[in-house]
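Dumped run-v8.cif below, it's mmCIF, C-alpha atoms and all ligand atoms:
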```cif
data_final
#
loop_
_atom_site.label_atom_id
_atom_site.label_comp_id
_atom_site.auth_asym_id
_atom_site.auth_seq_id
_atom_site.Cartn_x
_atom_site.Cartn_y
_atom_site.Cartn_z
CA MET Z 2 0.54 11.01 -103.20
CA ARG Z 3 1.75 14.59 -103.81
CA VAL Z 4 5.17 15.72 -102.63
CA PRO Z 5 4.84 18.46 -99.98
CA GLY Z 6 5.59 21.90 -101.41
CA PHE Z 7 8.76 22.60 -99.43
CA VAL Z 8 10.35 19.33 -100.56
CA ARG Z 9 9.12 19.69 -104.17
CA SER Z 10 10.56 23.14 -104.62
CA ARG Z 11 13.99 21.90 -103.54
CA ILE Z 12 13.84 18.69 -105.51
CA ILE Z 13 12.19 19.55 -108.80
CA ALA Z 14 13.60 22.97 -109.70
CA PRO Z 15 15.28 25.98 -108.16
CA SER Z 16 12.45 28.18 -106.88
CA ASP Z 17 14.13 31.45 -107.88
CA PRO Z 18 15.50 31.56 -111.48
CA ALA Z 19 17.63 34.64 -110.66
CA ALA Z 20 19.28 32.81 -107.75
CA ALA Z 21 19.82 29.75 -109.98
CA GLU Z 22 21.53 31.97 -112.58
CA VAL Z 23 23.81 33.52 -109.96
CA SER Z 24 24.78 30.09 -108.58
CA SER Z 25 25.38 28.82 -112.13
CA LYS Z 26 27.69 31.81 -112.78
CA VAL Z 27 29.58 31.18 -109.54
CA LEU Z 28 29.96 27.48 -110.42
CA LYS Z 29 31.18 28.42 -113.91
CA GLN Z 30 34.00 30.41 -112.31
CA ILE Z 31 34.86 27.90 -109.58
CA TYR Z 32 35.06 24.70 -111.67
CA PRO Z 33 37.94 25.80 -113.95
CA ILE Z 34 39.97 26.81 -110.88
CA ILE Z 35 39.37 23.43 -109.19
CA ASP Z 36 40.20 21.71 -112.49
CA LYS Z 37 43.49 23.59 -112.78
CA ILE Z 38 44.50 22.71 -109.21
CA VAL Z 39 43.56 19.05 -109.73
CA SER Z 40 45.46 18.74 -113.04
CA TRP Z 41 48.54 20.31 -111.39
CA LEU Z 42 48.34 17.88 -108.47
CA ARG Z 43 47.81 14.93 -110.85
CA ALA Z 44 51.48 15.22 -111.78
CA PHE Z 45 52.20 13.41 -108.50
CA GLN Z 46 51.56 9.63 -108.41
CA LEU Z 47 50.75 9.76 -104.72
CA PHE Z 48 48.00 12.26 -105.39
CA ILE Z 49 46.39 9.91 -107.94
CA LYS Z 50 46.43 7.07 -105.39
CA LEU Z 51 44.91 9.32 -102.74
CA GLN Z 52 42.29 10.56 -105.18
CA GLN Z 53 41.29 6.96 -106.00
CA LEU Z 54 41.08 6.08 -102.32
CA LEU Z 55 38.91 9.10 -101.62
CA GLN Z 56 36.74 8.34 -104.64
CA ASN Z 57 36.17 4.75 -103.49
CA LEU Z 58 35.37 5.92 -99.98
CA LEU Z 59 32.84 8.46 -101.28
CA ILE Z 60 31.25 5.85 -103.57
CA ASN Z 61 30.85 3.43 -100.66
CA ILE Z 62 29.29 6.11 -98.47
CA LEU Z 63 26.77 6.98 -101.16
CA ALA Z 64 26.03 3.32 -101.93
CA ALA Z 65 24.85 2.89 -98.32
CA GLY Z 66 21.79 5.04 -99.05
CA PRO Z 67 19.33 5.15 -101.94
CA VAL Z 68 20.96 5.66 -105.37
CA PRO Z 69 19.13 6.45 -108.61
CA GLN Z 70 18.39 3.31 -110.61
CA HIS Z 71 18.35 5.10 -113.96
CA ILE Z 72 20.57 8.12 -114.68
CA SER Z 73 20.50 9.81 -118.06
CA PHE Z 74 22.90 12.30 -119.64
CA ILE Z 75 22.52 14.96 -122.30
CA MET Z 76 26.21 15.15 -123.15
CA ASP Z 77 26.34 18.70 -124.39
CA GLY Z 78 29.39 20.88 -125.05
CA ASN Z 79 31.82 18.65 -127.00
CA ARG Z 80 32.33 21.16 -129.82
CA ARG Z 81 32.83 24.09 -127.44
CA PHE Z 82 35.33 21.96 -125.51
CA ALA Z 83 37.23 21.25 -128.76
CA LYS Z 84 37.24 24.96 -129.56
CA LYS Z 85 38.43 25.84 -126.06
CA MET Z 86 41.29 23.33 -126.38
CA ASN Z 87 42.12 24.32 -129.99
CA MET Z 88 41.38 20.81 -131.24
CA PRO Z 89 39.35 19.50 -134.20
CA VAL Z 90 35.64 18.89 -133.41
CA LYS Z 91 36.22 15.16 -133.72
CA ARG Z 92 38.63 15.23 -130.74
CA GLY Z 93 35.98 17.01 -128.66
CA HIS Z 94 33.54 14.15 -129.31
CA GLU Z 95 36.26 11.61 -128.52
CA ALA Z 96 36.93 13.33 -125.19
CA GLY Z 97 33.16 13.13 -124.56
CA GLY Z 98 33.25 9.38 -125.18
CA VAL Z 99 36.05 8.99 -122.61
CA THR Z 100 34.01 10.94 -120.04
CA LEU Z 101 30.97 8.71 -120.58
CA LEU Z 102 32.93 5.49 -120.10
CA SER Z 103 34.73 6.75 -116.99
CA LEU Z 104 31.44 7.86 -115.40
CA CYS Z 105 29.91 4.44 -116.22
CA TYR Z 106 32.72 2.83 -114.16
CA VAL Z 107 31.84 4.96 -111.16
CA LEU Z 108 28.07 4.58 -111.49
CA LYS Z 109 28.20 0.80 -111.83
CA LYS Z 110 30.31 0.64 -108.70
CA MET Z 111 27.80 2.85 -106.89
CA GLY Z 112 24.99 0.38 -107.63
CA VAL Z 113 23.24 2.36 -110.39
CA ARG Z 114 21.54 -0.21 -112.65
CA CYS Z 115 21.11 1.80 -115.83
CA VAL Z 116 22.69 4.75 -117.62
CA SER Z 117 21.33 6.24 -120.81
CA ALA Z 118 23.08 8.83 -122.95
CA TYR Z 119 21.82 11.12 -125.72
CA ALA Z 120 24.58 10.38 -128.21
CA PHE Z 121 22.90 11.55 -131.40
CA SER Z 122 19.62 13.36 -131.89
CA ILE Z 123 17.68 12.88 -135.13
CA GLU Z 124 18.19 16.64 -135.56
CA ASN Z 125 21.97 16.06 -135.57
CA PHE Z 126 21.67 14.71 -139.14
CA ASN Z 127 21.50 18.40 -140.12
CA ARG Z 128 25.16 18.86 -139.09
CA PRO Z 129 27.94 18.92 -141.72
CA PRO Z 130 28.32 15.44 -143.29
CA GLU Z 131 32.00 15.25 -142.21
CA GLU Z 132 30.96 15.68 -138.57
CA VAL Z 133 28.12 13.13 -138.86
CA ASN Z 134 30.56 10.63 -140.44
CA ALA Z 135 33.22 11.26 -137.81
CA LEU Z 136 30.66 10.78 -135.02
CA THR Z 137 29.29 7.57 -136.55
CA ASN Z 138 32.80 6.16 -136.98
CA MET Z 139 33.65 7.07 -133.41
CA PHE Z 140 30.48 5.35 -132.14
CA ALA Z 141 31.49 2.18 -133.99
CA VAL Z 142 34.92 2.22 -132.26
CA LYS Z 143 33.50 3.06 -128.81
CA LEU Z 144 30.79 0.40 -129.04
CA ASP Z 145 33.44 -2.23 -129.78
CA GLU Z 146 35.53 -0.95 -126.86
CA PHE Z 147 32.56 -1.14 -124.48
CA ALA Z 148 31.59 -4.64 -125.66
CA ARG Z 149 35.18 -5.84 -125.11
CA LYS Z 150 35.23 -4.40 -121.60
CA ALA Z 151 31.83 -5.92 -120.78
CA ASN Z 152 33.27 -9.35 -121.64
CA ASP Z 153 36.58 -8.94 -119.82
CA TYR Z 154 36.35 -10.30 -116.25
CA ARG Z 155 39.22 -8.00 -115.16
CA ASP Z 156 37.38 -4.88 -116.24
CA PRO Z 157 35.01 -3.00 -113.89
CA LEU Z 158 32.41 -2.95 -116.69
CA TYR Z 159 32.33 -6.77 -116.78
CA GLN Z 160 28.74 -8.12 -116.90
CA SER Z 161 27.34 -4.95 -118.45
CA ARG Z 162 24.79 -4.84 -121.25
CA LEU Z 163 24.93 -2.44 -124.17
CA LYS Z 164 21.80 -1.34 -126.01
CA ILE Z 165 21.76 1.13 -128.89
CA VAL Z 166 18.27 2.55 -129.16
CA GLY Z 167 16.51 4.87 -131.56
CA ASP Z 168 15.20 5.00 -135.09
CA HIS Z 169 17.55 2.60 -136.84
CA SER Z 170 15.74 3.01 -140.15
CA LEU Z 171 17.78 6.24 -140.44
CA ILE Z 172 21.22 4.59 -140.28
CA SER Z 173 23.22 2.47 -142.70
CA GLU Z 174 22.87 -1.29 -143.03
CA GLU Z 175 26.53 -1.62 -142.01
CA MET Z 176 25.92 0.30 -138.77
CA ARG Z 177 22.82 -1.79 -138.03
CA GLU Z 178 24.93 -4.95 -138.39
CA LYS Z 179 27.55 -3.53 -136.02
CA ILE Z 180 24.88 -2.65 -133.45
CA LYS Z 181 23.37 -6.13 -133.67
CA ARG Z 182 26.81 -7.68 -133.14
CA VAL Z 183 27.79 -5.63 -130.06
CA GLU Z 184 24.35 -6.09 -128.52
CA GLU Z 185 24.64 -9.85 -128.93
CA MET Z 186 28.12 -9.79 -127.40
CA THR Z 187 26.78 -8.13 -124.22
CA ASN Z 188 23.33 -9.71 -124.04
CA ASP Z 189 24.13 -11.69 -120.87
CA GLY Z 190 25.23 -8.63 -118.88
CA ASP Z 191 22.83 -8.40 -115.95
CA GLU Z 192 24.57 -6.01 -113.56
CA PHE Z 193 24.45 -2.76 -115.50
CA THR Z 194 22.86 -1.47 -118.72
CA LEU Z 195 24.13 1.35 -120.92
CA PHE Z 196 21.62 2.71 -123.44
CA ILE Z 197 23.20 4.74 -126.23
CA CYS Z 198 20.42 6.80 -127.80
CA PHE Z 199 21.34 6.95 -131.47
CA PRO Z 200 19.63 8.41 -133.48
CA TYR Z 201 16.93 9.35 -131.03
CA THR Z 202 14.29 11.86 -130.00
CA SER Z 203 11.57 11.38 -127.39
CA ARG Z 204 8.74 12.24 -129.75
CA ASN Z 205 10.03 9.68 -132.24
CA ASP Z 206 10.13 7.11 -129.41
CA ILE Z 207 6.52 7.84 -128.33
CA TRP Z 208 5.30 7.91 -131.95
CA HIS Z 209 7.04 4.60 -132.68
CA ALA Z 210 5.56 2.94 -129.56
CA THR Z 211 2.09 4.22 -130.52
CA GLN Z 212 2.43 2.82 -134.04
CA THR Z 213 3.56 -0.57 -132.71
CA SER Z 214 0.65 -0.66 -130.23
CA VAL Z 215 -1.93 0.21 -132.88
CA GLU Z 216 -0.48 -2.41 -135.26
CA GLU Z 217 -0.65 -5.04 -132.52
CA CYS Z 218 -4.28 -4.17 -131.71
CA VAL Z 219 -5.29 -4.42 -135.39
CA GLN Z 220 -3.37 -7.65 -136.08
CA GLN Z 221 -4.60 -9.43 -132.95
CA SER Z 222 -8.09 -7.86 -132.92
CA LEU Z 223 -7.50 -6.46 -129.44
CA GLU Z 224 -9.57 -3.81 -127.73
CA PRO Z 225 -7.39 -0.60 -127.91
CA ARG Z 226 -8.72 0.67 -124.57
CA ALA Z 227 -7.34 -2.46 -122.88
CA LEU Z 228 -3.77 -1.29 -123.60
CA THR Z 229 -2.06 -0.47 -120.30
CA VAL Z 230 0.72 2.04 -119.63
CA GLU Z 231 2.99 -0.88 -118.63
CA GLU Z 232 2.46 -2.55 -122.01
CA PHE Z 233 3.07 0.77 -123.77
CA ASN Z 234 6.36 1.22 -121.83
CA LYS Z 235 7.53 -2.17 -123.09
CA LYS Z 236 7.08 -0.98 -126.67
CA MET Z 237 9.33 2.02 -126.14
CA TYR Z 238 13.01 1.87 -127.04
CA LEU Z 239 14.29 1.71 -123.45
CA ASN Z 240 11.97 -1.20 -122.66
CA ASP Z 241 12.19 -2.03 -118.91
CA TYR Z 242 13.65 1.41 -118.18
CA SER Z 243 11.07 3.35 -120.23
CA HIS Z 244 8.82 4.00 -117.27
CA LYS Z 245 11.16 6.17 -115.27
CA CYS Z 246 14.39 8.16 -115.23
CA ASP Z 247 15.40 9.09 -111.68
CA LEU Z 248 18.00 11.68 -112.56
CA LEU Z 249 18.56 13.52 -115.85
CA ILE Z 250 21.71 15.61 -116.18
CA ARG Z 251 22.40 18.13 -118.94
CA THR Z 252 25.81 19.72 -119.18
CA SER Z 253 27.11 22.92 -120.80
CA GLY Z 254 24.58 25.40 -119.45
CA HIS Z 255 21.60 24.92 -121.78
CA LEU Z 256 18.36 24.82 -119.79
CA ARG Z 257 16.14 22.73 -122.05
CA LEU Z 258 15.36 19.05 -122.73
CA SER Z 259 15.83 19.09 -126.53
CA ASP Z 260 13.23 16.36 -127.11
CA TYR Z 261 14.83 13.89 -124.71
CA MET Z 262 13.33 11.80 -121.86
CA LEU Z 263 9.98 13.61 -122.16
CA TRP Z 264 8.10 10.43 -121.21
CA GLN Z 265 10.56 9.13 -118.64
CA VAL Z 266 11.09 12.21 -116.46
CA HIS Z 267 7.78 12.58 -114.70
CA GLU Z 268 6.90 13.59 -111.18
CA SER Z 269 9.65 11.82 -109.29
CA GLY Z 270 12.39 12.40 -111.88
CA ASP Z 271 14.96 15.03 -110.99
CA ILE Z 272 16.51 17.24 -113.69
CA LYS Z 273 19.88 18.87 -113.08
CA PHE Z 274 21.76 21.31 -115.28
CA SER Z 275 25.48 21.89 -115.06
CA PRO Z 276 27.40 24.78 -116.66
CA THR Z 277 30.39 22.46 -117.27
CA LEU Z 278 31.10 21.26 -120.83
CA TRP Z 279 30.55 17.48 -121.09
CA PRO Z 280 34.21 16.40 -121.53
CA ASP Z 281 35.04 18.44 -118.39
CA PHE Z 282 32.21 16.89 -116.37
CA LYS Z 283 33.96 14.77 -113.77
CA PHE Z 284 33.33 12.46 -110.82
CA PHE Z 285 33.01 15.13 -108.13
CA GLN Z 286 30.30 17.15 -109.90
CA LEU Z 287 28.33 13.98 -110.62
CA TYR Z 288 28.82 12.89 -107.02
CA LEU Z 289 27.33 16.12 -105.62
CA MET Z 290 24.28 15.77 -107.87
CA ILE Z 291 23.66 12.17 -106.78
CA LEU Z 292 24.25 13.10 -103.14
CA ASN Z 293 21.61 15.80 -103.45
CA TRP Z 294 19.21 13.31 -105.10
CA SER Z 295 19.89 10.73 -102.40
CA PHE Z 296 19.36 13.24 -99.58
CA PHE Z 297 15.99 14.47 -100.86
CA THR Z 298 14.87 10.95 -101.80
CA THR Z 299 15.59 9.84 -98.24
CA ILE Z 300 13.50 12.75 -96.90
CA GLN Z 301 10.70 11.96 -99.35
CA ARG Z 302 10.67 8.28 -98.41
CA TYR Z 303 10.70 9.20 -94.75
CA ILE Z 304 7.67 11.46 -95.24
CA PHE Z 305 5.72 9.01 -97.41
CA HIS Z 306 6.68 5.71 -95.86
CA GLY Z 307 7.39 6.88 -92.32
CA SER Z 308 5.13 4.17 -90.97
CA LYS Z 309 6.84 1.45 -93.03
CA LYS Z 310 10.20 2.04 -91.39
CA SER Z 311 12.12 -0.64 -93.30
CA GLN Z 312 11.55 1.19 -96.62
CA SER Z 313 12.94 4.49 -95.43
CA LYS Z 314 16.26 3.11 -94.21
CA PRO Z 315 19.24 2.12 -96.33
CA ALA Z 316 19.89 -1.60 -96.83
CA PHE Z 317 22.84 -1.79 -94.41
CA TRP Z 318 20.70 -0.35 -91.60
CA ASN Z 319 18.06 -3.06 -92.00
CA ARG Z 320 20.73 -5.76 -92.02
CA LYS Z 321 22.07 -4.61 -88.65
CA LYS Z 322 18.62 -4.44 -87.11
CA SER Z 323 17.50 -7.87 -88.24
CA SER Z 324 20.31 -9.57 -86.32
CA LYS Z 325 18.76 -8.58 -82.99
CA TYR Z 326 15.92 -10.68 -81.53
CA SER Z 327 13.58 -9.79 -78.75
CA LEU Z 328 12.53 -12.57 -76.32
CA GLU Z 329 8.87 -11.82 -77.01
CA ASP Z 330 9.36 -12.54 -80.73
CA LEU Z 331 10.56 -16.12 -80.08
CA PRO Z 332 8.03 -18.98 -80.29
CA ALA Z 333 6.76 -20.42 -77.00
CA ALA Z 334 9.02 -23.16 -75.55
CA PRO Z 335 7.63 -26.73 -75.92
CA VAL Z 336 6.03 -28.26 -72.86
CA ALA Z 337 8.76 -30.07 -70.85
CA VAL Z 338 8.23 -33.83 -70.67
CA SER Z 339 10.21 -36.05 -68.22
CA ILE Z 340 11.78 -39.32 -69.35
CA THR Z 341 9.07 -41.21 -67.48
CA GLY Z 342 6.55 -39.55 -69.80
CA GLU Z 343 5.02 -37.54 -66.95
CA ARG Z 344 4.38 -33.85 -67.49
CA ASP Z 345 6.52 -31.35 -65.60
CA PRO Z 346 4.24 -30.05 -62.84
CA SER Z 347 5.62 -26.49 -63.32
C1 LIG Z 401 30.31 5.45 -126.14
C2 LIG Z 401 29.78 6.46 -127.08
C3 LIG Z 401 28.95 5.97 -128.17
C4 LIG Z 401 30.13 7.75 -126.89
C5 LIG Z 401 29.37 8.94 -127.12
C6 LIG Z 401 30.21 10.10 -127.58
C7 LIG Z 401 29.55 11.38 -127.36
C8 LIG Z 401 29.94 12.12 -126.16
C9 LIG Z 401 28.60 11.81 -128.21
C10 LIG Z 401 27.85 13.08 -128.07
C11 LIG Z 401 27.65 13.73 -129.39
C12 LIG Z 401 26.98 15.05 -129.32
C13 LIG Z 401 26.11 15.38 -130.47
C14 LIG Z 401 27.17 15.90 -128.29
C15 LIG Z 401 26.59 17.24 -128.14
O1 LIG Z 401 27.61 18.23 -128.05
P1 LIG Z 401 27.73 19.27 -129.22
O2 LIG Z 401 28.44 18.61 -130.36
O3 LIG Z 401 26.35 19.79 -129.53
O4 LIG Z 401 28.64 20.40 -128.63
P2 LIG Z 401 28.26 21.94 -128.45
O5 LIG Z 401 27.10 21.97 -127.50
O6 LIG Z 401 29.50 22.53 -127.89
O7 LIG Z 401 27.91 22.48 -129.80
#
```

Could you write out this structure as structure tokens?
Ligand SMILES: CC(C)=CCC/C(C)=C/CC/C(C)=C/COP(=O)(O)OP(=O)(O)O
Amino acid sequence: MRVPGFVRSRIIAPSDPAAAEVSSKVLKQIYPIIDKIVSWLRAFQLFIKLQQLLQNLLINILAAGPVPQHISFIMDGNRRFAKKMNMPVKRGHEAGGVTLLSLCYVLKKMGVRCVSAYAFSIENFNRPPEEVNALTNMFAVKLDEFARKANDYRDPLYQSRLKIVGDHSLISEEMREKIKRVEEMTNDGDEFTLFICFPYTSRNDIWHATQTSVEECVQQSLEPRALTVEEFNKKMYLNDYSHKCDLLIRTSGHLRLSDYMLWQVHESGDIKFSPTLWPDFKFFQLYLMILNWSFFTTIQRYIFHGSKKSQSKPAFWNRKKSSKYSLEDLPAAPVAVSITGERDPS
């Protein structure tokens, strides 16, 4: 079923590019001011406690409604962040890694099942070798860190699964071994999945899945036309999550997809662009984007499934309702029989 125009225009893209540009400029000016105020207030312990309390409250409010099941990030702006902070490029990427992990904490808590992140495009091999090496080394350290957290019952990322997806024929044997090891360490995680796309592009993913499908048809003498979209999805790198990305976020102001999630973001996928550089992208900005997604998803579900009321309400609402019984819903009382075996005349 098609989304009605007035909902689509709000959900899919800003209807007026000029207005979108103005709002992006305004946001660009507001975020640094908010950031400065917050970092000044952070000097006070009490403020940090209050901030955590507020964050948990906001997460719980959002978790009461629909939340995206798969959120993906194009983590753009690490080098510009490093330049802005007068740091080496490597430090900018490290700061980006910290942002990703801290957002994973929040998203897991919110009930999001899967996060994917564009960590390294196949095109990124064209960068200076020192930067490629520094990035690869950093990935190795971060993957270990994530795997440790996923196995530590005291850590909020406990029971998470880590998958590193992409064209691994392009990376070293040593890196492939490392990937295999961390994936094995987190294989049992069933609460949350983090896909690190490295080295990855969407067209490579689709091309690879097509090759695998054709090979399978030839080897098993299958009829190619019998191949379903579901089977094709399974052959893509993101496997169970290849069919759909609910929310794709790109930071740093570029308004393009750069060969990422081309298959996954279809009609119901929402794409959001933020002017903020990735290492500066924090909880509150992410929260507003998910809130917006949740609001319009609720409207959409209400319009489409209005008749099936249970689907358009959040889980907690249904729980409350099911505890009430109407007398008419109860089964008829058994016929009363007296101890003498005679039927009750009434
Ligand atoms: C856990 C884990 C594996 C962490 C991932 C670390 C991370 C954030 C990687 C992103 C690397 C990357 C190429 C970012 C794009 O910004 P850019 O370098 O293109 O910056 P620019 O847009 O300012 O040029």

Within 8 Å of ligand LIG 401 (chain Z) (counting only C-alpha atoms and all ligand atoms), which residues show up? I'd like them as an NGL selection string. :Z and (75-83 or 90 or 93-102 or 118-122 or 125 or 136 or 139-141 or 143-144 or 147 or 197 or 253 or 278-280)

Quick one: distance from atom CA of Z:Asp247 to atom CA of Z:Ser73 in Å, one decimal? 8.2 Å

Shell of 12 Å around stretch 35-48 of chain Z, all atoms listed in the file, local chain residues under 2 positions omitted, as a ChimeraX atom specification: /Z:28-33,50-56,277,281-286

Using all atoms listed in the file, find the one residue out of Z:Leu58, Z:Ala227, Z:Leu171, Z:Val68 that sits nearest to Z:Phe297. Z:Val68

Using all atoms listed in the file, determine which residues lie at most 10 Å from Z:Tyr106, disregarding the query and same-chain residues fewer than 2 positions distant; provide the list as a VMD selection string. chain Z and resid 101 to 104 108 to 111 156 to 159

If you measure from atom CA of Z:Ser203 to atom CA of Z:Tyr261, what distance in Å do you get, rounded to one decimal?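 So the two atoms, atom CA of Z:Ser203 and atom CA of Z:Tyr261, lie 4.9 Å apart.
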
Quick check, in Å to one decimal: how far apart do atom CA of Z:Ile62 and atom CA of Z:Arg251 lie?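 Value for the atom CA of Z:Ile62-atom CA of Z:Arg251 distance: 24.7 Å.
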
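Among Z:Asn127, Z:Thr299, Z:Ser117, Z:Thr211, the residue with the shortest atom-to-atom distance to Z:Phe74, counting only C-alpha atoms, is Z:Ser117.
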
Spatial neighbours of Z:Met262, 9 Å, all atoms listed in the file, chain gap at least 4 places, as a list in words: Ser73, Thr202, Ser203, Ser243, Lys245, Cys246, Leu249, Leu258 and Val266 of chain Z
